[in-house]
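Reproduced below: coords_4.txt, with compact mmCIF, C-alpha atoms.
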# COMPACT_ATOMS: atom_id res chain seq x y z
CA MET S 1477 -17.49 -22.45 17.60
CA ASN S 1478 -20.74 -21.24 16.04
CA THR S 1479 -19.19 -17.83 15.44
CA TYR S 1480 -16.23 -19.50 13.74
CA LYS S 1481 -18.54 -21.57 11.52
CA GLN S 1482 -20.43 -18.42 10.55
CA LYS S 1483 -17.21 -16.92 9.22
CA ILE S 1484 -16.34 -19.86 6.95
CA PRO S 1485 -18.73 -19.04 4.03
CA GLY S 1486 -17.45 -15.46 3.74
CA ILE S 1487 -13.80 -16.52 3.99
CA LEU S 1488 -14.32 -19.14 1.28
CA LEU S 1489 -16.04 -16.56 -0.91
CA CYS S 1490 -13.05 -14.22 -0.65
CA PHE S 1491 -10.70 -17.15 -1.26
CA ALA S 1492 -12.63 -18.07 -4.42
CA ILE S 1493 -12.45 -14.48 -5.71
CA ALA S 1494 -8.75 -14.26 -4.84
CA ILE S 1495 -7.72 -17.25 -6.97
CA PRO S 1496 -8.57 -15.76 -10.40
CA ALA S 1497 -7.41 -12.33 -9.18
CA TRP S 1498 -4.03 -13.84 -8.25
CA PHE S 1499 -3.53 -15.36 -11.71
CA LEU S 1500 -4.79 -12.24 -13.47
CA GLY S 1501 -2.26 -10.25 -11.45
CA LYS S 1502 0.49 -12.61 -12.60
CA TRP S 1503 -0.66 -12.18 -16.18
CA LEU S 1504 -0.86 -8.36 -15.93
CA PRO S 1505 1.51 -7.40 -13.08
CA VAL S 1506 1.23 -3.68 -13.87
CA ILE S 1507 -2.39 -3.88 -12.69
CA GLY S 1508 -1.77 -6.43 -9.93
CA GLY S 1509 -3.87 -8.97 -8.09
CA PRO S 1510 -5.29 -6.57 -5.44
CA VAL S 1511 -6.87 -4.34 -8.09
CA PHE S 1512 -8.39 -7.34 -9.89
CA ALA S 1513 -9.71 -8.63 -6.56
CA ILE S 1514 -11.41 -5.32 -5.75
CA LEU S 1515 -12.96 -5.14 -9.23
CA LEU S 1516 -14.21 -8.74 -9.11
CA GLY S 1517 -15.59 -8.21 -5.62
CA MET S 1518 -17.44 -5.03 -6.64
CA LEU S 1519 -18.91 -6.72 -9.71
CA LEU S 1520 -19.99 -9.92 -7.95
CA THR S 1521 -21.68 -8.09 -5.08
CA LEU S 1522 -23.96 -6.38 -7.62
CA ILE S 1523 -25.46 -9.70 -8.74
CA VAL S 1524 -25.88 -11.34 -5.33
CA PRO S 1525 -29.08 -10.00 -3.72
CA LYS S 1526 -28.75 -11.48 -0.22
CA LYS S 1527 -25.43 -11.21 1.62
CA GLU S 1528 -26.15 -12.10 5.26
CA TRP S 1529 -24.80 -15.63 4.78
CA CYS S 1530 -21.27 -14.31 4.16
CA LYS S 1531 -21.25 -11.05 6.10
CA GLU S 1532 -19.21 -12.19 9.13
CA GLY S 1533 -16.56 -13.99 7.09
CA VAL S 1534 -16.15 -11.12 4.64
CA THR S 1535 -15.73 -8.66 7.52
CA PHE S 1536 -13.20 -10.99 9.18
CA THR S 1537 -11.24 -11.21 5.92
CA SER S 1538 -11.17 -7.46 5.29
CA LYS S 1539 -10.02 -6.74 8.86
CA LYS S 1540 -8.19 -9.63 10.54
CA ILE S 1541 -6.80 -11.49 7.54
CA LEU S 1542 -5.51 -8.19 6.19
CA GLN S 1543 -3.60 -7.70 9.45
CA TYR S 1544 -2.13 -11.22 9.24
CA ALA S 1545 -1.00 -10.42 5.68
CA VAL S 1546 0.81 -7.30 6.85
CA ILE S 1547 2.59 -9.27 9.60
CA LEU S 1548 3.84 -11.81 7.04
CA LEU S 1549 4.98 -8.92 4.83
CA GLY S 1550 7.59 -8.16 7.48
CA PHE S 1551 9.40 -11.44 6.80
CA GLY S 1552 10.39 -10.13 3.38
CA MET S 1553 12.34 -7.19 4.80
CA ASN S 1554 15.99 -7.61 5.80
CA LEU S 1555 16.54 -4.19 7.37
CA PHE S 1556 20.35 -4.16 7.29
CA GLN S 1557 20.64 -5.39 3.72
CA ILE S 1558 18.08 -2.95 2.36
CA LEU S 1559 19.57 0.06 4.16
CA GLU S 1560 23.13 -0.87 3.20
CA GLN S 1561 22.31 -1.08 -0.49
CA GLY S 1562 19.81 1.78 -0.60
CA MET S 1563 21.59 4.38 1.59
CA GLN S 1564 22.48 6.61 -1.39
CA SER S 1565 18.82 7.11 -2.20
CA LEU S 1566 17.75 7.77 1.41
CA PRO S 1567 17.68 11.62 1.19
CA ILE S 1568 15.57 11.39 -1.96
CA ILE S 1569 13.21 8.85 -0.37
CA LEU S 1570 12.72 11.01 2.74
CA SER S 1571 12.07 14.07 0.55
CA THR S 1572 9.51 12.34 -1.68
CA ILE S 1573 7.67 10.80 1.28
CA SER S 1574 7.56 14.17 3.04
CA ILE S 1575 6.22 16.07 0.01
CA SER S 1576 3.53 13.47 -0.61
CA LEU S 1577 2.28 13.55 2.98
CA VAL S 1578 2.36 17.36 3.07
CA MET S 1579 0.52 17.56 -0.27
CA ALA S 1580 -2.13 15.10 0.95
CA TRP S 1581 -2.60 17.15 4.14
CA ILE S 1582 -2.93 20.43 2.19
CA LEU S 1583 -5.53 18.94 -0.16
CA TYR S 1584 -7.36 17.33 2.78
CA LYS S 1585 -7.75 20.83 4.24
CA THR S 1586 -8.41 22.60 0.94
CA LEU S 1587 -10.81 20.12 -0.68
CA HIS S 1588 -12.43 18.97 2.57
CA LEU S 1589 -11.47 15.43 1.65
CA GLN S 1590 -12.23 12.51 3.95
CA LYS S 1591 -9.37 12.37 6.46
CA ASN S 1592 -8.75 8.64 6.03
CA SER S 1593 -8.79 8.92 2.24
CA ALA S 1594 -6.19 11.67 2.37
CA ILE S 1595 -3.95 9.59 4.66
CA LEU S 1596 -4.26 6.44 2.55
CA ILE S 1597 -3.58 8.23 -0.74
CA GLY S 1598 -0.65 10.16 0.77
CA VAL S 1599 0.89 7.03 2.28
CA GLY S 1600 0.14 4.85 -0.74
CA SER S 1601 1.66 7.38 -3.14
CA SER S 1602 4.77 7.97 -1.07
CA ILE S 1603 5.70 4.49 0.13
CA CYS S 1604 4.60 1.40 -1.75
CA GLY S 1605 1.08 1.61 -3.07
CA GLY S 1606 -1.24 -1.23 -2.07
CA SER S 1607 1.02 -2.69 0.62
CA ALA S 1608 1.25 0.64 2.44
CA ILE S 1609 -2.50 1.13 2.20
CA ALA S 1610 -3.04 -2.41 3.50
CA ALA S 1611 -0.78 -1.72 6.48
CA THR S 1612 -2.24 1.71 7.23
CA ALA S 1613 -5.97 1.01 6.81
CA PRO S 1614 -6.43 -1.04 10.01
CA VAL S 1615 -4.35 1.47 11.99
CA ILE S 1616 -6.65 4.40 11.17
CA ASP S 1617 -9.80 2.23 11.07
CA ALA S 1618 -10.50 3.09 7.42
CA THR S 1619 -13.72 1.87 5.84
CA ASP S 1620 -13.73 -0.64 2.99
CA GLU S 1621 -14.89 2.06 0.59
CA GLU S 1622 -12.01 4.36 1.59
CA VAL S 1623 -9.53 1.54 1.01
CA ALA S 1624 -11.05 0.62 -2.37
CA GLN S 1625 -11.03 4.23 -3.48
CA SER S 1626 -7.40 4.75 -2.45
CA ILE S 1627 -6.26 1.53 -4.16
CA SER S 1628 -8.07 2.62 -7.34
CA VAL S 1629 -6.37 6.04 -7.31
CA ILE S 1630 -2.93 4.51 -6.76
CA PHE S 1631 -3.57 2.00 -9.56
CA LEU S 1632 -4.44 4.80 -12.00
CA PHE S 1633 -1.13 6.59 -11.49
CA ASN S 1634 0.83 3.32 -11.37
CA ILE S 1635 -0.24 2.67 -14.94
CA ALA S 1636 0.53 6.24 -15.99
CA ALA S 1637 4.02 6.08 -14.44
CA ALA S 1638 4.88 2.72 -16.02
CA LEU S 1639 3.88 4.04 -19.45
CA LEU S 1640 5.25 7.59 -19.28
CA PHE S 1641 8.35 7.58 -17.08
CA PRO S 1642 10.74 5.67 -19.39
CA THR S 1643 10.05 8.20 -22.17
CA LEU S 1644 10.22 11.12 -19.74
CA GLY S 1645 13.56 9.88 -18.38
CA GLY S 1646 14.97 9.71 -21.90
CA ILE S 1647 13.79 13.23 -22.74
CA LEU S 1648 15.36 14.57 -19.53
CA GLY S 1649 18.63 12.76 -20.26
CA LEU S 1650 18.70 10.70 -17.06
CA SER S 1651 21.59 8.29 -16.59
CA ASN S 1652 20.83 4.61 -16.01
CA GLU S 1653 21.49 5.02 -12.30
CA GLY S 1654 19.41 8.18 -12.25
CA PHE S 1655 16.43 6.49 -13.83
CA GLY S 1656 16.70 3.54 -11.43
CA ILE S 1657 16.50 5.94 -8.49
CA PHE S 1658 13.73 7.91 -10.20
CA ALA S 1659 11.64 4.78 -10.78
CA GLY S 1660 12.29 3.50 -7.26
CA THR S 1661 11.25 6.76 -5.59
CA ALA S 1662 8.56 8.16 -7.89
CA VAL S 1663 6.52 5.08 -8.88
CA ASN S 1664 4.01 3.83 -6.33
CA ASP S 1665 3.75 0.06 -6.53
CA THR S 1666 6.52 -2.54 -6.83
CA SER S 1667 5.03 -4.11 -9.95
CA SER S 1668 4.93 -0.74 -11.71
CA VAL S 1669 8.49 0.05 -10.59
CA THR S 1670 9.52 -3.24 -12.20
CA ALA S 1671 7.57 -2.46 -15.37
CA ALA S 1672 9.07 1.02 -15.73
CA ALA S 1673 12.64 -0.17 -15.07
CA THR S 1674 12.26 -3.12 -17.44
CA ALA S 1675 10.97 -0.82 -20.19
CA TRP S 1676 13.97 1.48 -19.67
CA ASP S 1677 16.38 -1.47 -19.79
CA GLY S 1678 14.77 -2.66 -23.01
CA ILE S 1679 15.28 0.76 -24.62
CA HIS S 1680 18.79 1.47 -23.32
CA GLY S 1681 20.22 -2.03 -22.93
CA SER S 1682 21.01 -1.31 -19.27
CA ASN S 1683 20.38 -3.00 -15.91
CA THR S 1684 18.47 -0.41 -13.88
CA LEU S 1685 16.01 -2.98 -12.53
CA ASP S 1686 18.31 -3.94 -9.65
CA THR S 1687 18.81 -0.31 -8.62
CA ALA S 1688 15.10 0.49 -8.85
CA THR S 1689 14.15 -2.58 -6.80
CA ILE S 1690 16.65 -1.84 -4.02
CA VAL S 1691 15.51 1.78 -3.82
CA LYS S 1692 11.88 0.64 -3.72
CA LEU S 1693 12.59 -1.83 -0.89
CA THR S 1694 14.38 0.89 1.08
CA ARG S 1695 11.36 3.12 0.58
CA THR S 1696 9.10 0.33 1.83
CA LEU S 1697 10.80 0.51 5.25
CA ALA S 1698 8.91 3.76 5.86
CA ILE S 1699 5.82 1.64 6.53
CA ILE S 1700 7.24 0.92 9.99
CA PRO S 1701 7.63 4.46 11.42
CA ILE S 1702 4.56 5.88 9.68
CA THR S 1703 2.17 3.17 10.86
CA LEU S 1704 3.60 3.33 14.37
CA VAL S 1705 3.19 7.12 14.49
CA LEU S 1706 -0.39 6.87 13.20
CA ALA S 1707 -1.10 4.15 15.76
CA LEU S 1708 0.27 6.25 18.62
CA LEU S 1709 -1.69 9.31 17.48
CA ARG S 1710 -4.91 7.31 17.30
CA THR S 1711 -4.26 5.82 20.74
CA ARG S 1712 -3.53 9.25 22.21
CA ASN S 1713 -6.73 10.69 20.74
CA ALA S 1714 -8.69 7.74 22.09
CA HIS S 1715 -7.12 8.30 25.50
CA LYS S 1716 -8.18 11.96 25.42
CA ASP S 1717 -11.71 10.97 24.43
CA SER S 1718 -11.93 8.40 27.19
CA ALA S 1719 -10.74 10.96 29.75
CA ASN S 1720 -13.89 12.97 29.03
CA GLN S 1721 -16.19 9.97 29.48
CA SER S 1722 -17.47 8.16 32.51
CA THR S 1723 -15.41 5.23 33.78
CA ALA S 1724 -17.92 2.75 32.41
CA ALA S 1725 -17.79 4.27 28.93
CA LYS S 1726 -14.01 4.65 28.65
CA VAL S 1727 -12.37 3.49 25.46
CA SER S 1728 -10.31 0.31 25.64
CA LEU S 1729 -6.84 1.30 24.40
CA LYS S 1730 -5.91 -2.37 24.21
CA LYS S 1731 -8.57 -2.85 21.56
CA ILE S 1732 -7.68 0.32 19.66
CA PHE S 1733 -3.88 0.05 19.44
CA PRO S 1734 -3.00 -2.05 16.35
CA PHE S 1735 -0.58 -4.59 17.81
CA PHE S 1736 -0.23 -6.23 14.41
CA VAL S 1737 2.11 -3.35 13.49
CA LEU S 1738 4.44 -4.41 16.30
CA PHE S 1739 4.32 -8.00 15.03
CA PHE S 1740 5.17 -6.67 11.55
CA VAL S 1741 8.26 -4.98 13.03
CA LEU S 1742 9.11 -8.17 14.95
CA ALA S 1743 8.93 -10.21 11.72
CA SER S 1744 11.33 -7.77 10.05
CA VAL S 1745 13.72 -7.98 13.00
CA ILE S 1746 13.62 -11.81 12.95
CA THR S 1747 14.46 -11.84 9.23
CA THR S 1748 17.30 -9.37 9.80
CA VAL S 1749 18.87 -10.93 12.92
CA PHE S 1750 18.64 -14.55 11.81
CA GLN S 1751 19.37 -13.82 8.13
CA LEU S 1752 16.48 -16.00 7.02
CA PRO S 1753 17.16 -17.50 3.56
CA ALA S 1754 14.97 -16.90 0.53
CA ALA S 1755 13.71 -20.48 0.76
CA VAL S 1756 11.96 -19.43 3.99
CA THR S 1757 10.98 -15.82 3.25
CA ASP S 1758 9.76 -16.21 -0.35
CA PRO S 1759 6.83 -18.53 0.50
CA LEU S 1760 5.86 -16.22 3.38
CA LYS S 1761 5.91 -13.21 1.04
CA ASP S 1762 3.77 -15.07 -1.49
CA LEU S 1763 1.31 -16.04 1.25
CA SER S 1764 1.20 -12.42 2.38
CA LYS S 1765 0.41 -11.24 -1.15
CA PHE S 1766 -2.37 -13.81 -1.51
CA LEU S 1767 -3.92 -12.84 1.83
CA ILE S 1768 -3.84 -9.18 0.78
CA ILE S 1769 -5.66 -10.15 -2.42
CA MET S 1770 -8.26 -12.02 -0.32
CA ALA S 1771 -8.71 -8.93 1.85
CA MET S 1772 -9.10 -6.72 -1.23
CA ALA S 1773 -11.76 -9.12 -2.53
CA ALA S 1774 -13.64 -8.61 0.73
CA ILE S 1775 -13.23 -4.85 0.47
CA GLY S 1776 -14.54 -4.91 -3.10
CA TRP S 1777 -17.51 -7.01 -1.98
CA ASN S 1778 -18.39 -4.37 0.64
CA THR S 1779 -17.97 -1.41 -1.73
CA ASN S 1780 -20.74 0.39 -3.59
CA ILE S 1781 -19.21 0.94 -7.02
CA VAL S 1782 -21.77 3.62 -7.97
CA HIS S 1783 -21.00 5.73 -4.90
CA LEU S 1784 -17.30 5.11 -5.41
CA VAL S 1785 -17.39 6.55 -8.94
CA LYS S 1786 -19.53 9.53 -7.90
CA SER S 1787 -17.21 10.50 -5.06
CA GLY S 1788 -13.94 9.86 -6.92
CA GLY S 1789 -13.09 13.38 -8.18
CA LYS S 1790 -11.34 14.74 -5.09
CA PRO S 1791 -9.34 11.57 -4.34
CA ILE S 1792 -8.14 11.40 -7.96
CA LEU S 1793 -7.03 15.06 -7.83
CA THR S 1794 -5.23 14.35 -4.56
CA GLY S 1795 -3.48 11.32 -6.07
CA LEU S 1796 -2.49 13.35 -9.15
CA CYS S 1797 -0.98 16.16 -7.06
CA CYS S 1798 0.91 13.69 -4.85
CA TRP S 1799 2.18 11.83 -7.91
CA ILE S 1800 3.42 14.97 -9.71
CA SER S 1801 5.01 16.42 -6.57
CA ILE S 1802 6.86 13.16 -5.83
CA ALA S 1803 8.22 12.97 -9.39
CA CYS S 1804 9.36 16.61 -9.34
CA VAL S 1805 11.03 16.33 -5.92
CA SER S 1806 12.77 13.09 -6.91
CA LEU S 1807 14.28 14.77 -9.98
CA LEU S 1808 15.13 17.93 -8.05
CA MET S 1809 16.96 15.99 -5.32
CA GLN S 1810 18.89 14.02 -7.91
CA ALA S 1811 20.01 17.29 -9.50
CA ILE S 1812 21.05 18.70 -6.11
CA LEU S 1813 22.96 15.54 -5.17
CA GLY S 1814 24.67 15.34 -8.58
CA ILE S 1815 23.19 11.92 -9.48
CA TRP S 1816 21.29 13.08 -12.57
Would you mind writing the file out in structure tokens?
Amino acid sequence: MNTYKQKIPGILLCFAIAIPAWFLGKWLPVIGGPVFAILLGMLLTLIVPKKEWCKEGVTFTSKKILQYAVILLGFGMNLFQILEQGMQSLPIILSTISISLVMAWILYKTLHLQKNSAILIGVGSSICGGSAIAATAPVIDATDEEVAQSISVIFLFNIAAALLFPTLGGILGLSNEGFGIFAGTAVNDTSSVTAAATAWDGIHGSNTLDTATIVKLTRTLAIIPITLVLALLRTRNAHKDSANQSTAAKVSLKKIFPFFVLFFVLASVITTVFQLPAAVTDPLKDLSKFLIIMAMAAIGWNTNIVHLVKSGGKPILTGLCCWISIACVSLLMQAILGIW
């Protein structure tokens, strides 16, 4: 009970930061609540000298509450409906995800980037930005600073995509359907996909937003296999490490394997099998988004903004290369498949 009471101040702190971040995200959806939460957290931690009073609750929020948010995220995914409507874009989605992960791995080796940072940027760029990073971070045991850095990189190229892609699509002569697929596969975060598609519709008087959203939701499904594979790899490595230790010092695989990923899959299956209505899933999705914002507030609170800026060159270059390669592969695949 005492441990629980010790967590309350930190949880309330993150909740208080999350409220303005949530509304700021609604006001400027291209930036999004998670980015505002990280920024507010990083700024507030600079002016609070003593932090022991909130340490346990902030840690609980950045780890456990983030996992609960990912589980709830699963209730917003009807697997059959998404795959049925987004099947046409599946080859393009698989190609863009593959090139992003390969590019992140190459730059991890070439630039001697932090392994977790490379994974988070690669996954965030290829799947769905902040949500993918939120789901992946606990699986690979990423630090708060690695998460904050990756979110910041993804945010930078979200803004660039939302501003540049509608004009680029027009110059390239993309059809309405082609741009919808391009936005859905080459823009990182859902809010930026929406912004890019809406801008295109405003220019061309079309309705690409529906296509872009469906493609983006189909792409989001990749969270499931990628997090499961990362979880199994981490568990296998832990098992190898424990095999070289004494019995008393063996690693507990039960503690290492992120079971929240399985609950995320279970939530998706429940939504799919029982065809849960929007009246049920929408509040759960909103709660998930708010909990993610709370977790990002905690991550911002635990992040040294000075060190983050100083060490940001390699992650930004990695994000740039992933972003460009995804856009090029998306367009190339459209040309090959005759969609363009």
#### Entry: Of the listed residues S:Ser1576, S:Ser1565, S:Ser1801, S:Thr1537, that which approaches Ala1494 in chain S most closely, counting only C-alpha atoms
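Of S:Ser1576, S:Ser1565, S:Ser1801, S:Thr1537, the one nearest Ala1494 in chain S, counting only C-alpha atoms, is S:Thr1537.
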### Task
Considering only C-alpha atoms, return as a ChimeraX atom specification whatever protein or nucleic-acid residues lie within 10 Å of range 1579-1581 of chain S, sequence-local ones (same chain, fewer than 2 positions apart) excluded.
/S:1573-1577,1583-1587,1589,1591,1593-1599,1601,1791,1794-1795,1797-1799,1801-1802
#### Entry: One-decimal distance in Å that lies between CA of Leu1706 in chain S and CA of Lys1765 in chain S
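Taking CA of Lys1765 in chain S and CA of Leu1706 in chain S, their separation equals 23.1 Å.
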Spatial neighbours of Glu1621 in chain S, 10 Å, only C-alpha atoms, chain gap at least 6 places, as an mmCIF file with C-alpha atoms, in the frame of the given file:
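out-v3.cif, freshly written:
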data_model
loop_
_atom_site.group_PDB
_atom_site.id
_atom_site.type_symbol
_atom_site.label_atom_id
_atom_site.label_comp_id
_atom_site.auth_asym_id
_atom_site.auth_seq_id
_atom_site.Cartn_x
_atom_site.Cartn_y
_atom_site.Cartn_z
ATOM 1 C CA SER S 1593 -8.790 8.920 2.240
ATOM 2 C CA ILE S 1627 -6.260 1.530 -4.160
ATOM 3 C CA ILE S 1775 -13.230 -4.850 0.470
ATOM 4 C CA GLY S 1776 -14.540 -4.910 -3.100
ATOM 5 C CA TRP S 1777 -17.510 -7.010 -1.980
ATOM 6 C CA ASN S 1778 -18.390 -4.370 0.640
ATOM 7 C CA THR S 1779 -17.970 -1.410 -1.730
ATOM 8 C CA ASN S 1780 -20.740 0.390 -3.590
ATOM 9 C CA ILE S 1781 -19.210 0.940 -7.020
ATOM 10 C CA HIS S 1783 -21.000 5.730 -4.900
ATOM 11 C CA LEU S 1784 -17.300 5.110 -5.410
#
### Message
List the spatial neighbours of Pro1614 in chain S as a list in words - criterion: any atom at most 10 Å away, only C-alpha atoms, same-chain residues fewer than 2 positions off excluded.
### Response
Ser1538, Lys1539, Lys1540, Leu1542, Gln1543, Ile1609, Ala1610, Ala1611, Thr1612, Ile1616, Asp1617, Ala1618, Thr1619, Val1623, Thr1703, Ala1707, Ile1732, Phe1733, Pro1734, Phe1736 and Val1737 of chain S
Generate a file of the selected residues that holds C-alpha atoms, formatted as a CSV table (one decimal), in the coordinates of the input.
chain,number,residue,atom,x,y,z
S,1538,SER,CA,-11.2,-7.5,5.3
S,1539,LYS,CA,-10.0,-6.7,8.9
S,1540,LYS,CA,-8.2,-9.6,10.5
S,1542,LEU,CA,-5.5,-8.2,6.2
S,1543,GLN,CA,-3.6,-7.7,9.4
S,1609,ILE,CA,-2.5,1.1,2.2
S,1610,ALA,CA,-3.0,-2.4,3.5
S,1611,ALA,CA,-0.8,-1.7,6.5
S,1612,THR,CA,-2.2,1.7,7.2
S,1616,ILE,CA,-6.6,4.4,11.2
S,1617,ASP,CA,-9.8,2.2,11.1
S,1618,ALA,CA,-10.5,3.1,7.4
S,1619,THR,CA,-13.7,1.9,5.8
S,1623,VAL,CA,-9.5,1.5,1.0
S,1703,THR,CA,2.2,3.2,10.9
S,1707,ALA,CA,-1.1,4.2,15.8
S,1732,ILE,CA,-7.7,0.3,19.7
S,1733,PHE,CA,-3.9,0.0,19.4
S,1734,PRO,CA,-3.0,-2.0,16.4
S,1736,PHE,CA,-0.2,-6.2,14.4
S,1737,VAL,CA,2.1,-3.4,13.5
### Query
Can you tell me how far CA of Pro1567 in chain S sits from CA of Ser1806 in chain S, in Å to one decimal?
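The value is 9.6 Å.
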### Point-to-point distance from CA of Trp1816 in chain S to CA of Glu1653 in chain S, Å rounded to tenths
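Between these atoms lies a distance of 8.1 Å.
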### Query
With distances taken over only C-alpha atoms, which of S:Leu1693, S:Val1546, S:Cys1530, S:Leu1639 is nearest to Leu1559 in chain S?
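Smallest distance to Leu1559 in chain S is found for S:Leu1693.
Using all atoms listed in the file, the smallest distance between any of S:Gln1590, S:Thr1694, S:Asn1554, S:Ser1682 and Cys1604 in chain S comes from S:Thr1694.
Candidate residues S:Ile1541, S:Met1553, S:Ile1569, S:Cys1804 were compared for distance to Leu1752 in chain S, and the nearest is S:Met1553, using all atoms listed in the file.
If only C-alpha atoms are the atoms counted, then among S:Ala1755, S:Leu1760, S:Ala1774, S:Val1663 the closest residue to Glu1532 in chain S is S:Ala1774.
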### Message
Given all atoms listed in the file as the basis, pick out the residue of S:Val1511, S:Ala1811, S:Ala1637, S:Met1563 nearest to Thr1687 in chain S.
### Response
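So, comparing all the options, the nearest one is S:Met1563.
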### Contacts of range 1499-1508 of chain S at 10 Å (all atoms listed in the file; same-chain gap of 3+ positions) as a list in words
Ala1494, Ile1495, Pro1496, Val1511, Phe1512, Ala1513, Gly1606, Phe1631, Leu1632, Asn1634, Ile1635, Ala1638, Leu1639, Asp1665, Thr1666, Ser1667, Ser1668, Val1669, Thr1670, Ala1671, Ala1672 and Ile1769 of chain S
